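These notes concern the structure reproduced below.
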Amino acid sequence: MAKLQISQILRGDIPLGASVEVAGWVRTRRDSKAGISFIHLHDGSTFHPLQVVAGQELSNYELDIKRLTSGCAIFVVGTVIPSQGAGQAVEVSATEVQVLGWVDDPETYPMQPKRHTMEYLREFAHLRPRTNITLAVSHVRHSLAFAIHRFFHERGFYWIHTPIITASDCEGAGEMFRVSTLDIANLPRKPDGQVDFSKDFFGREAHLTVSGQLNVETYCMALSRVYTFGPTFRAENSNTRRHLAEFWMVEPEIAFADIYDDVTLAEQFLKTIFKAVLDECGDEMQFFADRIDKNCISRLESMITAEFARMDYTEAISHLEKANVTFEFPVRWGMDLQSEHERYLSESLVGRPVAVINYPKDIKAFYMRMNDDDKTVAAMDILAPGIGEIIGGSQREERLDRLDQRIEQLGLIKEDYWWYRDLRRYGTVPHAGFGLGFERAMMYATGVDNIRDVIPFPRSPGQAAF
RNA sequence: UCCGGCUUAGCUCAGCAGGUAGAGCAGGCGGCUGUUAACCGCCGGGUCGUAGGUUCGAGUCCUACAGCCGGAGCCA
């Protein structure tokens, strides 16, 4: 392992005159006829390159250094010196350059030192980490994920590893991927012709999870403050810049809490994690501001400082009805808010993030707590300027009779939920939680407008390469 | 899944009144320079997404298909 990261040298951690060893991949090489070559080297620790100055006195100057092209891997021994040129404070004067790996056909090396389209880079998911944009995304992704864990850890939450494979058919949040070891060319059949899943690996139908919420609620009813953070799968045939078949989701669940506690938690959560990104990824965020979305920094700053507004759904509808704006989708009580409505509320009406609370029961899930009016449930969405819904959550129905009512009303099968119902039979308490799509948060933070570019290996309909 | 757009050299694109392709970057060679996605010159490189059709002739018009992109729906 190389002793130093390039970020340490550029940050000024290493005194001038110190001898160093660095290793990385060549981005560009420029030659001076005076017999000096300038190599811009990256090792992924920062997207600023280290300038390595290699002169003709090196024994392999003509043989190796003059043949370096973009993408070659090298190991360098040298001295940290002040740079004579503009563009960097320090550079490394090489006393030894070893070529670890050549690029075997420089003309067709896909990652050229120039601007590529995001679509092109997606075709080279194995090489795009070598680009500035993907490097910056990787740094922010790490920082954001770490900040999420830190936020919960510091507040006494426990990270619960809910299962990826689920045999419960009660998740009901859209199409699921089947998990099976049956021979699909020769399926076992029951007498009535149905596939006999008792012969399958788990002895019953199994799928990839669409949410860890129901599982994490069980741990909430023992550890009080818990969360999940892991991959989630949806087999929906939705081909948009906002959807993936495999994505990561964060789902905290808090006991002895109501919908207002939930909103408060969500507000603190968003502010804390985005502040961490600004604090830890200044260079990366500046890069996004320069190249991708000039508003990304100010958007996060206002998210961090503004106090979130709170508003009942019913109140939101009346604001929308009074709005001097023509909406594509007409406004009426009982409808789900469309993206245009969400943006009006947060951008035009209140000008900051707003939590909309207490939605009509008919547009929300069975597990959300029924309000006293019998028409709305204690659900909440956090709407943010520039994106719309970023978080959705609810207080959960903790009363068994009301939960059963909802299961029945929605035509669900009570027995399927036996263990979920048990939580209401044995020491039930008010509790609440919310969900955040991790990649949606990444898009919000970076301004990268296609979700496939904020995850290393995107999976979407027809796309599972790499 | 529905609607719209795009698909020309390794990459980014131009070609548009249909007559058999061009630039920049990348690559090679040479020149110049403590250079900064350097600069200057020369060179190699394309059966114009696929399959049909119209036409004397199609990258350029028509049809189908595929892939990608955007929007909608669904949602995170």
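Identifiers in the structure tokens: chain A, B, ... in order shown; residue index from 1 per chain; ligand index from 1 in order shown.
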List every residue of chain A that has an atom at most 6 Å from any atom of chain B, and for each one report the closest atom pair and its distance in Å to one decimal, counting only C-alpha atoms (C1' of nucleotides), with rows sorted by chain and then by increasing residue number, as a Markdown table.
| residue | atom | partner | partner_atom | distance |
| --- | --- | --- | --- | --- |
| A:Glu107 | CA | B:G27 | C1' | 4.6 |
| A:Thr108 | CA | B:G10 | C1' | 4.6 |
| A:Pro113 | CA | B:A37 | C1' | 5.9 |
| A:Lys114 | CA | B:A37 | C1' | 5.6 |
| A:Gly437 | CA | B:A76 | C1' | 4.4 |
Within 10 Å of region 18-23 of chain B, counting only C-alpha atoms (C1' of nucleotides), which residues qualify if same-chain residues fewer than 6 places away don't, as a tab-separated table (two decimals) with all heavy atoms, in the first residue's frame?
chain	number	residue	atom	x	y	z
B	8	U	P	-24.17	8.45	-33.56
B	8	U	OP1	-23.24	7.49	-32.98
B	8	U	OP2	-24.41	9.74	-32.92
B	8	U	O5'	-23.74	8.72	-35.07
B	8	U	C5'	-23.59	7.63	-35.98
B	8	U	C4'	-22.79	8.09	-37.16
B	8	U	O4'	-23.49	9.21	-37.79
B	8	U	C3'	-21.42	8.66	-36.83
B	8	U	O3'	-20.45	7.64	-36.68
B	8	U	C2'	-21.16	9.54	-38.05
B	8	U	O2'	-20.82	8.75	-39.18
B	8	U	C1'	-22.55	10.15	-38.26
B	8	U	N1	-22.72	11.40	-37.49
B	8	U	C2	-22.12	12.55	-38.00
B	8	U	O2	-21.48	12.56	-39.02
B	8	U	N3	-22.31	13.68	-37.24
B	8	U	C4	-23.02	13.77	-36.06
B	8	U	O4	-23.11	14.86	-35.50
B	8	U	C5	-23.59	12.55	-35.60
B	8	U	C6	-23.42	11.44	-36.31
B	46	G	P	-11.69	3.43	-41.47
B	46	G	OP1	-11.85	1.98	-41.64
B	46	G	OP2	-11.18	4.27	-42.57
B	46	G	O5'	-13.08	4.02	-41.01
B	46	G	C5'	-13.68	3.64	-39.77
B	46	G	C4'	-15.06	4.23	-39.69
B	46	G	O4'	-14.95	5.65	-39.88
B	46	G	C3'	-16.01	3.74	-40.78
B	46	G	O3'	-16.74	2.64	-40.29
B	46	G	C2'	-16.94	4.94	-41.02
B	46	G	O2'	-18.12	4.83	-40.25
B	46	G	C1'	-16.13	6.13	-40.49
B	46	G	N9	-15.79	7.16	-41.47
B	46	G	C8	-15.19	7.03	-42.69
B	46	G	N7	-14.98	8.18	-43.29
B	46	G	C5	-15.50	9.11	-42.41
B	46	G	C6	-15.58	10.52	-42.49
B	46	G	O6	-15.19	11.26	-43.38
B	46	G	N1	-16.19	11.07	-41.36
B	46	G	C2	-16.65	10.34	-40.28
B	46	G	N2	-17.19	11.03	-39.29
B	46	G	N3	-16.57	9.02	-40.18
B	46	G	C4	-16.00	8.49	-41.28
B	48	C	P	-22.76	3.24	-43.18
B	48	C	OP1	-23.50	1.99	-42.96
B	48	C	OP2	-23.31	4.25	-44.09
B	48	C	O5'	-22.40	3.87	-41.76
B	48	C	C5'	-23.34	3.95	-40.70
B	48	C	C4'	-23.45	5.38	-40.25
B	48	C	O4'	-22.74	6.23	-41.16
B	48	C	C3'	-24.89	5.88	-40.24
B	48	C	O3'	-25.24	5.95	-38.85
B	48	C	C2'	-24.87	7.25	-40.86
B	48	C	O2'	-25.23	8.25	-39.93
B	48	C	C1'	-23.39	7.47	-41.22
B	48	C	N1	-23.06	8.10	-42.51
B	48	C	C2	-23.05	9.50	-42.54
B	48	C	O2	-23.38	10.13	-41.53
B	48	C	N3	-22.68	10.11	-43.67
B	48	C	C4	-22.31	9.41	-44.73
B	48	C	N4	-21.93	10.08	-45.81
B	48	C	C5	-22.34	7.98	-44.73
B	48	C	C6	-22.72	7.38	-43.60
B	55	U	P	-39.60	4.17	-57.12
B	55	U	OP1	-40.55	4.45	-58.22
B	55	U	OP2	-39.04	2.81	-56.94
B	55	U	O5'	-38.39	5.20	-57.22
B	55	U	C5'	-38.63	6.59	-57.36
B	55	U	C4'	-37.34	7.36	-57.28
B	55	U	O4'	-36.78	7.21	-55.95
B	55	U	C3'	-36.23	6.84	-58.20
B	55	U	O3'	-36.36	7.33	-59.52
B	55	U	C2'	-34.98	7.40	-57.50
B	55	U	O2'	-34.79	8.76	-57.78
B	55	U	C1'	-35.37	7.24	-56.03
B	55	U	N1	-34.83	5.98	-55.45
B	55	U	C2	-33.61	6.05	-54.82
B	55	U	O2	-32.97	7.08	-54.72
B	55	U	N3	-33.14	4.87	-54.32
B	55	U	C4	-33.76	3.64	-54.38
B	55	U	O4	-33.22	2.66	-53.89
B	55	U	C5	-35.03	3.65	-55.06
B	55	U	C6	-35.51	4.79	-55.56
B	57	G	P	-31.97	4.08	-57.98
B	57	G	OP1	-31.68	2.69	-57.57
B	57	G	OP2	-33.32	4.64	-57.80
B	57	G	O5'	-30.91	5.04	-57.26
B	57	G	C5'	-29.54	4.67	-57.23
B	57	G	C4'	-28.71	5.81	-56.69
B	57	G	O4'	-28.94	6.99	-57.51
B	57	G	C3'	-29.07	6.29	-55.29
B	57	G	O3'	-28.41	5.49	-54.31
B	57	G	C2'	-28.54	7.71	-55.29
B	57	G	O2'	-27.14	7.76	-55.10
B	57	G	C1'	-28.85	8.16	-56.72
B	57	G	N9	-30.11	8.88	-56.83
B	57	G	C8	-31.29	8.42	-57.37
B	57	G	N7	-32.25	9.32	-57.34
B	57	G	C5	-31.66	10.42	-56.73
B	57	G	C6	-32.20	11.70	-56.42
B	57	G	O6	-33.35	12.12	-56.64
B	57	G	N1	-31.26	12.52	-55.80
B	57	G	C2	-29.97	12.16	-55.52
B	57	G	N2	-29.23	13.08	-54.92
B	57	G	N3	-29.44	10.98	-55.81
B	57	G	C4	-30.35	10.17	-56.41
B	58	A	P	-29.12	5.23	-52.87
B	58	A	OP1	-28.24	4.32	-52.10
B	58	A	OP2	-30.53	4.85	-53.11
B	58	A	O5'	-29.12	6.68	-52.22
B	58	A	C5'	-27.93	7.27	-51.67
B	58	A	C4'	-28.21	7.78	-50.27
B	58	A	O4'	-29.37	8.64	-50.36
B	58	A	C3'	-28.59	6.62	-49.33
B	58	A	O3'	-27.49	6.15	-48.56
B	58	A	C2'	-29.79	7.14	-48.52
B	58	A	O2'	-29.41	7.51	-47.22
B	58	A	C1'	-30.23	8.39	-49.28
B	58	A	N9	-31.60	8.32	-49.79
B	58	A	C8	-32.26	7.25	-50.32
B	58	A	N7	-33.50	7.53	-50.70
B	58	A	C5	-33.64	8.87	-50.38
B	58	A	C6	-34.70	9.77	-50.52
B	58	A	N6	-35.89	9.46	-51.05
B	58	A	N1	-34.52	11.04	-50.10
B	58	A	C2	-33.34	11.36	-49.57
B	58	A	N3	-32.25	10.61	-49.40
B	58	A	C4	-32.49	9.37	-49.81
B	59	G	P	-26.34	7.11	-47.92
B	59	G	OP1	-26.06	8.31	-48.72
B	59	G	OP2	-25.27	6.16	-47.68
B	59	G	O5'	-26.91	7.62	-46.51
B	59	G	C5'	-26.46	7.05	-45.30
B	59	G	C4'	-26.83	7.91	-44.12
B	59	G	O4'	-25.76	8.88	-43.90
B	59	G	C3'	-28.09	8.78	-44.30
B	59	G	O3'	-29.23	8.09	-43.88
B	59	G	C2'	-27.80	9.96	-43.38
B	59	G	O2'	-28.11	9.66	-42.04
B	59	G	C1'	-26.29	10.12	-43.52
B	59	G	N9	-25.92	11.10	-44.54
B	59	G	C8	-25.36	10.87	-45.75
B	59	G	N7	-25.14	11.95	-46.45
B	59	G	C5	-25.60	12.96	-45.64
B	59	G	C6	-25.63	14.37	-45.84
B	59	G	O6	-25.26	15.01	-46.82
B	59	G	N1	-26.19	15.04	-44.75
B	59	G	C2	-26.65	14.43	-43.61
B	59	G	N2	-27.17	15.24	-42.69
B	59	G	N3	-26.63	13.12	-43.40
B	59	G	C4	-26.09	12.46	-44.45
B	60	U	P	-30.70	8.36	-44.52
B	60	U	OP1	-31.71	7.83	-43.58
B	60	U	OP2	-30.64	7.84	-45.89
B	60	U	O5'	-30.87	9.94	-44.63
B	60	U	C5'	-31.33	10.74	-43.52
B	60	U	C4'	-31.24	12.19	-43.94
B	60	U	O4'	-29.98	12.34	-44.62
B	60	U	C3'	-32.32	12.65	-44.93
B	60	U	O3'	-33.20	13.57	-44.28
B	60	U	C2'	-31.59	13.36	-46.04
B	60	U	O2'	-31.95	14.73	-46.12
B	60	U	C1'	-30.11	13.30	-45.63
B	60	U	N1	-29.19	12.95	-46.73
B	60	U	C2	-28.58	14.00	-47.39
B	60	U	O2	-28.82	15.17	-47.11
B	60	U	N3	-27.71	13.63	-48.38
B	60	U	C4	-27.38	12.35	-48.76
B	60	U	O4	-26.56	12.19	-49.65
B	60	U	C5	-28.05	11.31	-48.02
B	60	U	C6	-28.92	11.64	-47.05
B	61	C	P	-34.36	13.07	-43.31
B	61	C	OP1	-34.88	14.22	-42.55
B	61	C	OP2	-33.94	11.84	-42.60
B	61	C	O5'	-35.47	12.64	-44.39
B	61	C	C5'	-36.28	13.61	-45.03
B	61	C	C4'	-37.31	12.91	-45.86
B	61	C	O4'	-36.67	12.33	-47.04
B	61	C	C3'	-37.97	11.72	-45.19
B	61	C	O3'	-39.05	12.12	-44.35
B	61	C	C2'	-38.44	10.89	-46.37
B	61	C	O2'	-39.62	11.42	-46.93
B	61	C	C1'	-37.28	11.09	-47.35
B	61	C	N1	-36.25	10.03	-47.26
B	61	C	C2	-36.58	8.74	-47.72
B	61	C	O2	-37.71	8.54	-48.18
B	61	C	N3	-35.65	7.77	-47.66
B	61	C	C4	-34.44	8.03	-47.16
B	61	C	N4	-33.55	7.04	-47.13
B	61	C	C5	-34.09	9.32	-46.68
B	61	C	C6	-35.02	10.28	-46.75
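Separating CA of Thr272 (chain A) from CA of Cys296 (chain A) is a distance of 16.3 Å.
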For C62 (chain B), work out the shell of residues within 12 Å, counting only C-alpha atoms (C1' of nucleotides) and skipping chain neighbours fewer than 5 positions away, then give it as a list of chain:residue names. B:G52, B:G53, B:U54, B:U55
Mind dumping the selected residues with C-alpha atoms (C1' of nucleotides) as a PDB file, in the first residue's frame?
ATOM      1  C1'   G B  52     -36.762  -2.944 -45.446  1.00  0.00           C
ATOM      2  C1'   G B  53     -38.824   0.823 -48.933  1.00  0.00           C
ATOM      3  C1'   U B  54     -39.102   5.375 -52.386  1.00  0.00           C
ATOM      4  C1'   U B  55     -35.367   7.240 -56.028  1.00  0.00           C
TER       5        U B  55
END
Could you please write out, as a PDB file with C-alpha atoms, in the first residue's frame, every residue of region 187-403 of chain A that DSSP assigns to strand (DSSP E)?
ATOM      1  CA  ALA A 206     -40.090 -15.421  -1.519  1.00  0.00           C
ATOM      2  CA  HIS A 207     -39.160 -11.998  -2.840  1.00  0.00           C
ATOM      3  CA  LEU A 208     -36.635  -9.223  -2.454  1.00  0.00           C
ATOM      4  CA  ARG A 225     -35.025   3.986  18.619  1.00  0.00           C
ATOM      5  CA  VAL A 226     -33.974   2.042  15.548  1.00  0.00           C
ATOM      6  CA  TYR A 227     -33.339   2.488  11.861  1.00  0.00           C
ATOM      7  CA  THR A 228     -32.608   0.529   8.722  1.00  0.00           C
ATOM      8  CA  PHE A 229     -30.238   1.553   5.987  1.00  0.00           C
ATOM      9  CA  GLY A 230     -29.834  -0.913   3.201  1.00  0.00           C
ATOM     10  CA  PRO A 231     -30.738  -1.912  -0.321  1.00  0.00           C
ATOM     11  CA  THR A 232     -34.347  -2.096  -1.422  1.00  0.00           C
ATOM     12  CA  PHE A 233     -35.844  -3.505  -4.606  1.00  0.00           C
ATOM     13  CA  GLU A 246     -32.262  -1.430  -6.677  1.00  0.00           C
ATOM     14  CA  PHE A 247     -31.761   1.533  -4.381  1.00  0.00           C
ATOM     15  CA  TRP A 248     -30.866   2.277  -0.789  1.00  0.00           C
ATOM     16  CA  MET A 249     -33.362   3.450   1.761  1.00  0.00           C
ATOM     17  CA  VAL A 250     -33.101   4.902   5.250  1.00  0.00           C
ATOM     18  CA  GLU A 251     -36.001   4.163   7.589  1.00  0.00           C
ATOM     19  CA  PRO A 252     -35.906   5.280  11.222  1.00  0.00           C
ATOM     20  CA  GLU A 253     -38.622   4.148  13.611  1.00  0.00           C
ATOM     21  CA  ILE A 254     -39.212   5.754  17.007  1.00  0.00           C
ATOM     22  CA  ALA A 255     -41.325   4.462  19.901  1.00  0.00           C
ATOM     23  CA  ALA A 309     -42.972  25.000   7.970  1.00  0.00           C
ATOM     24  CA  ARG A 310     -45.793  22.718   9.136  1.00  0.00           C
ATOM     25  CA  MET A 311     -49.145  22.556   7.417  1.00  0.00           C
ATOM     26  CA  ASP A 312     -52.150  20.266   7.435  1.00  0.00           C
ATOM     27  CA  VAL A 354     -42.610  22.320   4.529  1.00  0.00           C
ATOM     28  CA  ALA A 355     -44.046  19.286   6.290  1.00  0.00           C
ATOM     29  CA  VAL A 356     -47.540  18.470   5.085  1.00  0.00           C
ATOM     30  CA  ILE A 357     -49.392  16.442   7.691  1.00  0.00           C
ATOM     31  CA  ASN A 358     -52.605  14.410   7.976  1.00  0.00           C
ATOM     32  CA  TYR A 359     -53.465  13.101   4.529  1.00  0.00           C
ATOM     33  CA  PRO A 360     -56.749  11.505   3.437  1.00  0.00           C
ATOM     34  CA  THR A 376     -57.342  11.387   7.565  1.00  0.00           C
ATOM     35  CA  VAL A 377     -54.312   9.472   8.781  1.00  0.00           C
ATOM     36  CA  ALA A 378     -51.250  10.748  10.609  1.00  0.00           C
ATOM     37  CA  ALA A 379     -49.015  10.767   7.553  1.00  0.00           C
ATOM     38  CA  MET A 380     -46.435  13.388   6.709  1.00  0.00           C
ATOM     39  CA  ASP A 381     -44.408  14.347   3.659  1.00  0.00           C
ATOM     40  CA  ILE A 382     -41.523  16.765   3.744  1.00  0.00           C
ATOM     41  CA  LEU A 383     -41.521  18.888   0.623  1.00  0.00           C
ATOM     42  CA  ALA A 384     -38.402  20.821  -0.266  1.00  0.00           C
ATOM     43  CA  GLY A 388     -40.676  18.180  -3.980  1.00  0.00           C
ATOM     44  CA  GLU A 389     -41.161  15.230  -1.664  1.00  0.00           C
ATOM     45  CA  ILE A 390     -37.899  14.183  -0.069  1.00  0.00           C
ATOM     46  CA  ILE A 391     -39.218  12.302   2.959  1.00  0.00           C
ATOM     47  CA  GLY A 392     -42.448  10.436   3.580  1.00  0.00           C
ATOM     48  CA  GLY A 393     -43.493   9.062   6.933  1.00  0.00           C
ATOM     49  CA  SER A 394     -46.277   8.475   9.376  1.00  0.00           C
ATOM     50  CA  GLN A 395     -47.342   7.642  12.864  1.00  0.00           C
TER      51      GLN A 395
END
Rounded to one decimal, what separation in Å do you get between CA of Glu91 (chain A) and CA of Leu50 (chain A)? 6.3 Å
Counting only C-alpha atoms (C1' of nucleotides), what is within 12 Å of Leu144 (chain A), bar same-chain residues fewer than 5 positions away, as a PyMOL selection string? chain A and resi 137-139+149-151+250+269-281+438-446+454
Within region 42-272 of chain A, find each residue whose DSSP state, derived from the backbone, is helix (DSSP H, G or I), and express the selection as an NGL selection string. :A and (65-67 or 106-108 or 118-122 or 128-130 or 132-154 or 197-199 or 213-223 or 259-272)
In Å, how far is it from CA of Ile36 (chain A) to CA of Ala54 (chain A)?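 A separation of 5.8 Å between them.
Residues with any atom within 12 Å of Thr117 (chain A), counting only C-alpha atoms (C1' of nucleotides) and excluding same-chain neighbours fewer than 2 positions away, are Pro110, Met111, Gln112, Lys114, Arg115, Glu119, Tyr120, Leu121, Arg122, Glu123, Phe124, Arg128, Thr131, Ile133, Thr134, Ile292, Asn450 and Asp453 of chain A; C11, U12 and C69 of chain B.
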Write a file of the just-selected residues containing N, CA and C atoms (P, O5', C5', C4', C3', O3' and C1' of nucleotides), as a PDB file, in the first residue's frame.
ATOM      1  N   PRO A 110     -11.346   4.262 -22.915  1.00  0.00           N
ATOM      2  CA  PRO A 110     -12.621   4.988 -22.904  1.00  0.00           C
ATOM      3  C   PRO A 110     -12.638   6.290 -22.099  1.00  0.00           C
ATOM      4  N   MET A 111     -11.790   6.393 -21.065  1.00  0.00           N
ATOM      5  CA  MET A 111     -11.841   7.569 -20.196  1.00  0.00           C
ATOM      6  C   MET A 111     -10.793   8.589 -20.629  1.00  0.00           C
ATOM      7  N   GLN A 112     -11.157   9.413 -21.577  1.00  0.00           N
ATOM      8  CA  GLN A 112     -10.198  10.399 -22.041  1.00  0.00           C
ATOM      9  C   GLN A 112     -10.252  11.652 -21.174  1.00  0.00           C
ATOM     10  N   LYS A 114     -11.183  14.551 -20.963  1.00  0.00           N
ATOM     11  CA  LYS A 114     -12.048  15.560 -21.569  1.00  0.00           C
ATOM     12  C   LYS A 114     -13.449  15.329 -21.051  1.00  0.00           C
ATOM     13  N   ARG A 115     -14.338  16.197 -21.454  1.00  0.00           N
ATOM     14  CA  ARG A 115     -15.718  16.060 -20.981  1.00  0.00           C
ATOM     15  C   ARG A 115     -16.417  14.916 -21.709  1.00  0.00           C
ATOM     16  N   GLU A 119     -24.298   9.776 -20.113  1.00  0.00           N
ATOM     17  CA  GLU A 119     -24.799   8.562 -20.763  1.00  0.00           C
ATOM     18  C   GLU A 119     -23.621   7.687 -21.207  1.00  0.00           C
ATOM     19  N   TYR A 120     -22.614   8.328 -21.764  1.00  0.00           N
ATOM     20  CA  TYR A 120     -21.429   7.591 -22.195  1.00  0.00           C
ATOM     21  C   TYR A 120     -20.741   6.941 -20.994  1.00  0.00           C
ATOM     22  N   LEU A 121     -20.553   7.714 -19.941  1.00  0.00           N
ATOM     23  CA  LEU A 121     -19.877   7.190 -18.760  1.00  0.00           C
ATOM     24  C   LEU A 121     -20.621   5.990 -18.171  1.00  0.00           C
ATOM     25  N   ARG A 122     -21.938   6.006 -18.273  1.00  0.00           N
ATOM     26  CA  ARG A 122     -22.748   4.920 -17.737  1.00  0.00           C
ATOM     27  C   ARG A 122     -22.423   3.597 -18.427  1.00  0.00           C
ATOM     28  N   GLU A 123     -22.016   3.677 -19.688  1.00  0.00           N
ATOM     29  CA  GLU A 123     -21.669   2.456 -20.420  1.00  0.00           C
ATOM     30  C   GLU A 123     -20.335   1.887 -19.930  1.00  0.00           C
ATOM     31  N   PHE A 124     -19.597   2.679 -19.179  1.00  0.00           N
ATOM     32  CA  PHE A 124     -18.310   2.225 -18.650  1.00  0.00           C
ATOM     33  C   PHE A 124     -18.312   2.364 -17.127  1.00  0.00           C
ATOM     34  N   ARG A 128     -15.676   4.567 -14.956  1.00  0.00           N
ATOM     35  CA  ARG A 128     -16.073   5.941 -14.649  1.00  0.00           C
ATOM     36  C   ARG A 128     -15.640   6.422 -13.272  1.00  0.00           C
ATOM     37  N   THR A 131     -13.191   9.265 -13.292  1.00  0.00           N
ATOM     38  CA  THR A 131     -13.509  10.627 -13.732  1.00  0.00           C
ATOM     39  C   THR A 131     -13.781  11.513 -12.530  1.00  0.00           C
ATOM     40  N   ILE A 133     -16.188  13.626 -12.020  1.00  0.00           N
ATOM     41  CA  ILE A 133     -17.579  13.670 -11.589  1.00  0.00           C
ATOM     42  C   ILE A 133     -17.946  12.451 -10.744  1.00  0.00           C
ATOM     43  N   THR A 134     -17.519  11.282 -11.182  1.00  0.00           N
ATOM     44  CA  THR A 134     -17.863  10.072 -10.436  1.00  0.00           C
ATOM     45  C   THR A 134     -17.100  10.005  -9.119  1.00  0.00           C
ATOM     46  N   ILE A 292     -22.239  21.234 -12.587  1.00  0.00           N
ATOM     47  CA  ILE A 292     -23.498  20.490 -12.699  1.00  0.00           C
ATOM     48  C   ILE A 292     -24.713  21.357 -12.375  1.00  0.00           C
ATOM     49  N   ASN A 450     -29.714  12.664 -12.878  1.00  0.00           N
ATOM     50  CA  ASN A 450     -30.145  11.310 -13.200  1.00  0.00           C
ATOM     51  C   ASN A 450     -29.694  10.367 -12.084  1.00  0.00           C
ATOM     52  N   ASP A 453     -26.641   8.075 -11.975  1.00  0.00           N
ATOM     53  CA  ASP A 453     -25.281   8.594 -11.861  1.00  0.00           C
ATOM     54  C   ASP A 453     -24.869   8.878 -10.423  1.00  0.00           C
TER      55      ASP A 453
ATOM     56  P     C B  11     -17.027   6.248 -29.409  1.00  0.00           P
ATOM     57  O5'   C B  11     -16.735   7.618 -28.647  1.00  0.00           O
ATOM     58  C5'   C B  11     -16.640   7.644 -27.229  1.00  0.00           C
ATOM     59  C4'   C B  11     -16.308   9.043 -26.767  1.00  0.00           C
ATOM     60  C3'   C B  11     -17.278  10.122 -27.237  1.00  0.00           C
ATOM     61  O3'   C B  11     -18.403  10.216 -26.365  1.00  0.00           O
ATOM     62  C1'   C B  11     -15.074  10.819 -27.688  1.00  0.00           C
ATOM     63  P     U B  12     -19.793  10.762 -26.925  1.00  0.00           P
ATOM     64  O5'   U B  12     -19.492  12.304 -27.204  1.00  0.00           O
ATOM     65  C5'   U B  12     -19.314  13.211 -26.120  1.00  0.00           C
ATOM     66  C4'   U B  12     -19.178  14.606 -26.660  1.00  0.00           C
ATOM     67  C3'   U B  12     -20.247  15.014 -27.664  1.00  0.00           C
ATOM     68  O3'   U B  12     -21.436  15.440 -27.002  1.00  0.00           O
ATOM     69  C1'   U B  12     -18.120  15.601 -28.515  1.00  0.00           C
ATOM     70  P     C B  69     -30.586   6.260 -20.562  1.00  0.00           P
ATOM     71  O5'   C B  69     -31.052   7.692 -21.085  1.00  0.00           O
ATOM     72  C5'   C B  69     -30.098   8.726 -21.265  1.00  0.00           C
ATOM     73  C4'   C B  69     -30.778   9.943 -21.844  1.00  0.00           C
ATOM     74  C3'   C B  69     -32.014  10.427 -21.092  1.00  0.00           C
ATOM     75  O3'   C B  69     -31.688  11.198 -19.958  1.00  0.00           O
ATOM     76  C1'   C B  69     -32.488  10.363 -23.402  1.00  0.00           C
TER      77        C B  69
END
